[in-house]
Amino acid sequence: MSERGRSPKVRKSESPEIVKKSEVGSPKSEVEDNNSAPPAGGPHSEIENKSEIVNRKSEIENMEVHHHPEVEKKGFKEYLLEGLMIFIAVMMGFFAESLREHISENSRAKEYAATLYSDLKADTVSLDKYLRRINFGAANVDTLMQLLSANDPKDIPSGKLYWYGLFGAIPLNFAPHDATLLEMKSSGSLRFFTNRAISRMVAEYDQRLQLFKSMEQNELGIYTEVRKTKALLFNFKYNDAANTVVQRIYIKYNRASIDSFIKTNPPLLSTDKVAFNQFVELVRSRFLKNQATYADSLNHHAIVLLTALKKEYDLEDE
């Protein structure tokens, strides 16, 4: 047979072990081994993986689901009762606040009433003195005018002219104690006096007080002119002596001291009839009697208001 038809012979030098290693080590054989090899772990491992996946899904579902607590449904009566309780609580708070404000305002009203009462008492004392002096002065001015209307100045004893002429130029000044009244007016605190009668009396007293102040302010200019004219007729030295007697009789009336001064007949600077006529006309312009009437009315209102405040707020005299 020819060499082509013969089966190839294996060389004796090539051992079977070498052939097997070469076959095992080829890439093809490795792929085949990988594809044909069963998965690691076998059937039990696959079952465990599936159960783990199921457990994870259940855990996720448990985490995502939130169970809200069941709310008990309330009836209409329960809602109505709760609303009523809230309303009562709010109203009680409102009433408590109103009561607190009412007590506070009553306390403030009594404080203002007490200080106003004290001021009014001081005013009545001052007005009493004012009225005594202005009435006494007006009576002496009347006597002066009677003397000059019936006689020539040079025929009248100079002591009488000094004495009766002194009251034509008396200063008229009433300083009211109105600090509390002014504060209450500026701050709106008059509203604390809930008694309407008292509020009205306070307003009336204030109105009369302002009118009285206005009259005194207007009279101030006339008073200045009276003093200028008087300085042309009377010597200031003897005027001062007469004024000393006046201050004493204001404290304690003594007719003997008056007569004693009149009898001294101090000298006049002038007996000119025209100058005395001008002096008397200026004195008449002061309207002393009208001011006495207004002062008396103011004093009366102060006394009425004092009585009302004392009764309303149970005030005691100091």
# chains A, B, ... in the order shown; residues from 1 in each chain; ligands from 1
call {"tool": "residues_around", "arguments": {"residues": "Lys213 (chain A)", "least_positions_apart": "6", "cutoff": "10 Å", "atoms": "only C-alpha atoms", "output": "list of chain:residue names"}}
result
A:Asn173, A:Phe174, A:Ala175, A:Pro176, A:Glu219
call {"tool": "residues_around", "arguments": {"residues": "region 250-264 of chain A", "least_positions_apart": "4", "cutoff": "10 Å", "atoms": "only C-alpha atoms", "output": "list in words"}}
result
Lys129, Arg132, Arg133, Phe136, Pro157, Ser158, Gly159, Lys160, Leu161, Tyr162, Trp163, Tyr164, Tyr238, Ala241, Ala242, Val245 and Val246 of chain A
call {"tool": "closest_residue", "arguments": {"among": "A:Ser118, A:Gln278, A:Thr293, A:Gln210", "to": "Glu316 (chain A)", "atoms": "only C-alpha atoms"}}
result
A:Ser118
call {"tool": "residues_around", "arguments": {"residues": "Leu209 (chain A)", "least_positions_apart": "4", "cutoff": "9 Å", "atoms": "only C-alpha atoms", "output": "CSV table (one decimal) with all heavy atoms, in the first residue's frame"}}
result
chain,number,residue,atom,x,y,z
A,176,PRO,N,-54.9,129.3,91.4
A,176,PRO,CA,-55.6,128.0,91.7
A,176,PRO,C,-54.7,126.8,91.8
A,176,PRO,O,-53.6,126.8,91.2
A,176,PRO,CB,-56.6,127.9,90.5
A,176,PRO,CG,-55.8,128.6,89.4
A,176,PRO,CD,-55.1,129.7,90.1
A,204,GLU,N,-67.9,122.0,84.7
A,204,GLU,CA,-68.4,123.3,85.1
A,204,GLU,C,-67.4,124.1,85.9
A,204,GLU,O,-67.2,125.3,85.7
A,204,GLU,CB,-69.7,123.2,85.8
A,204,GLU,CG,-70.9,122.7,84.9
A,204,GLU,CD,-72.2,122.6,85.7
A,204,GLU,OE1,-72.1,122.8,87.0
A,204,GLU,OE2,-73.2,122.2,85.1
A,205,TYR,N,-66.8,123.4,86.9
A,205,TYR,CA,-65.8,124.1,87.7
A,205,TYR,C,-64.6,124.6,86.8
A,205,TYR,O,-64.1,125.7,87.0
A,205,TYR,CB,-65.3,123.2,88.8
A,205,TYR,CG,-64.2,123.9,89.7
A,205,TYR,CD1,-64.6,124.7,90.7
A,205,TYR,CD2,-62.9,123.6,89.5
A,205,TYR,CE1,-63.7,125.4,91.5
A,205,TYR,CE2,-61.9,124.2,90.3
A,205,TYR,CZ,-62.3,125.1,91.3
A,205,TYR,OH,-61.4,125.7,92.1
A,213,LYS,N,-59.7,133.2,85.3
A,213,LYS,CA,-58.4,133.5,85.0
A,213,LYS,C,-58.3,134.5,83.8
A,213,LYS,O,-57.4,135.4,83.9
A,213,LYS,CB,-57.7,132.2,84.5
A,213,LYS,CG,-57.3,131.2,85.6
A,213,LYS,CD,-56.6,130.0,85.0
A,213,LYS,CE,-56.1,129.1,86.0
A,213,LYS,NZ,-55.4,127.9,85.4
A,214,SER,N,-59.2,134.4,82.9
A,214,SER,CA,-59.2,135.3,81.8
A,214,SER,C,-59.6,136.7,82.2
A,214,SER,O,-59.0,137.7,81.8
A,214,SER,CB,-60.3,134.9,80.7
A,214,SER,OG,-60.4,135.8,79.7
A,295,ALA,N,-65.7,135.2,91.8
A,295,ALA,CA,-65.0,134.4,92.8
A,295,ALA,C,-65.9,133.7,93.7
A,295,ALA,O,-65.6,132.5,94.1
A,295,ALA,CB,-64.1,135.3,93.6
A,298,LEU,N,-67.3,130.7,91.8
A,298,LEU,CA,-66.3,129.6,91.7
A,298,LEU,C,-66.1,128.9,93.0
A,298,LEU,O,-66.0,127.6,93.1
A,298,LEU,CB,-64.9,130.3,91.3
A,298,LEU,CG,-63.8,129.3,91.0
A,298,LEU,CD1,-64.1,128.4,89.8
A,298,LEU,CD2,-62.5,130.1,90.8
call {"tool": "closest_residue", "arguments": {"among": "A:Asn265, A:Thr115, A:Thr224, A:Ser285", "to": "Asn239 (chain A)", "atoms": "only C-alpha atoms"}}
result
A:Asn265
call {"tool": "closest_residue", "arguments": {"among": "A:Glu281, A:Glu216, A:Asp123, A:Asp128", "to": "Ala179 (chain A)", "atoms": "only C-alpha atoms"}}
result
A:Asp123
call {"tool": "closest_residue", "arguments": {"among": "A:Ala122, A:Lys237, A:Asp314, A:Gly165", "to": "Gln146 (chain A)", "atoms": "only C-alpha atoms"}}
result
A:Gly165
call {"tool": "atom_distance", "arguments": {"atom1": "CA of Gln207 (chain A)", "atom2": "CA of His177 (chain A)"}}
result
14.7 Å
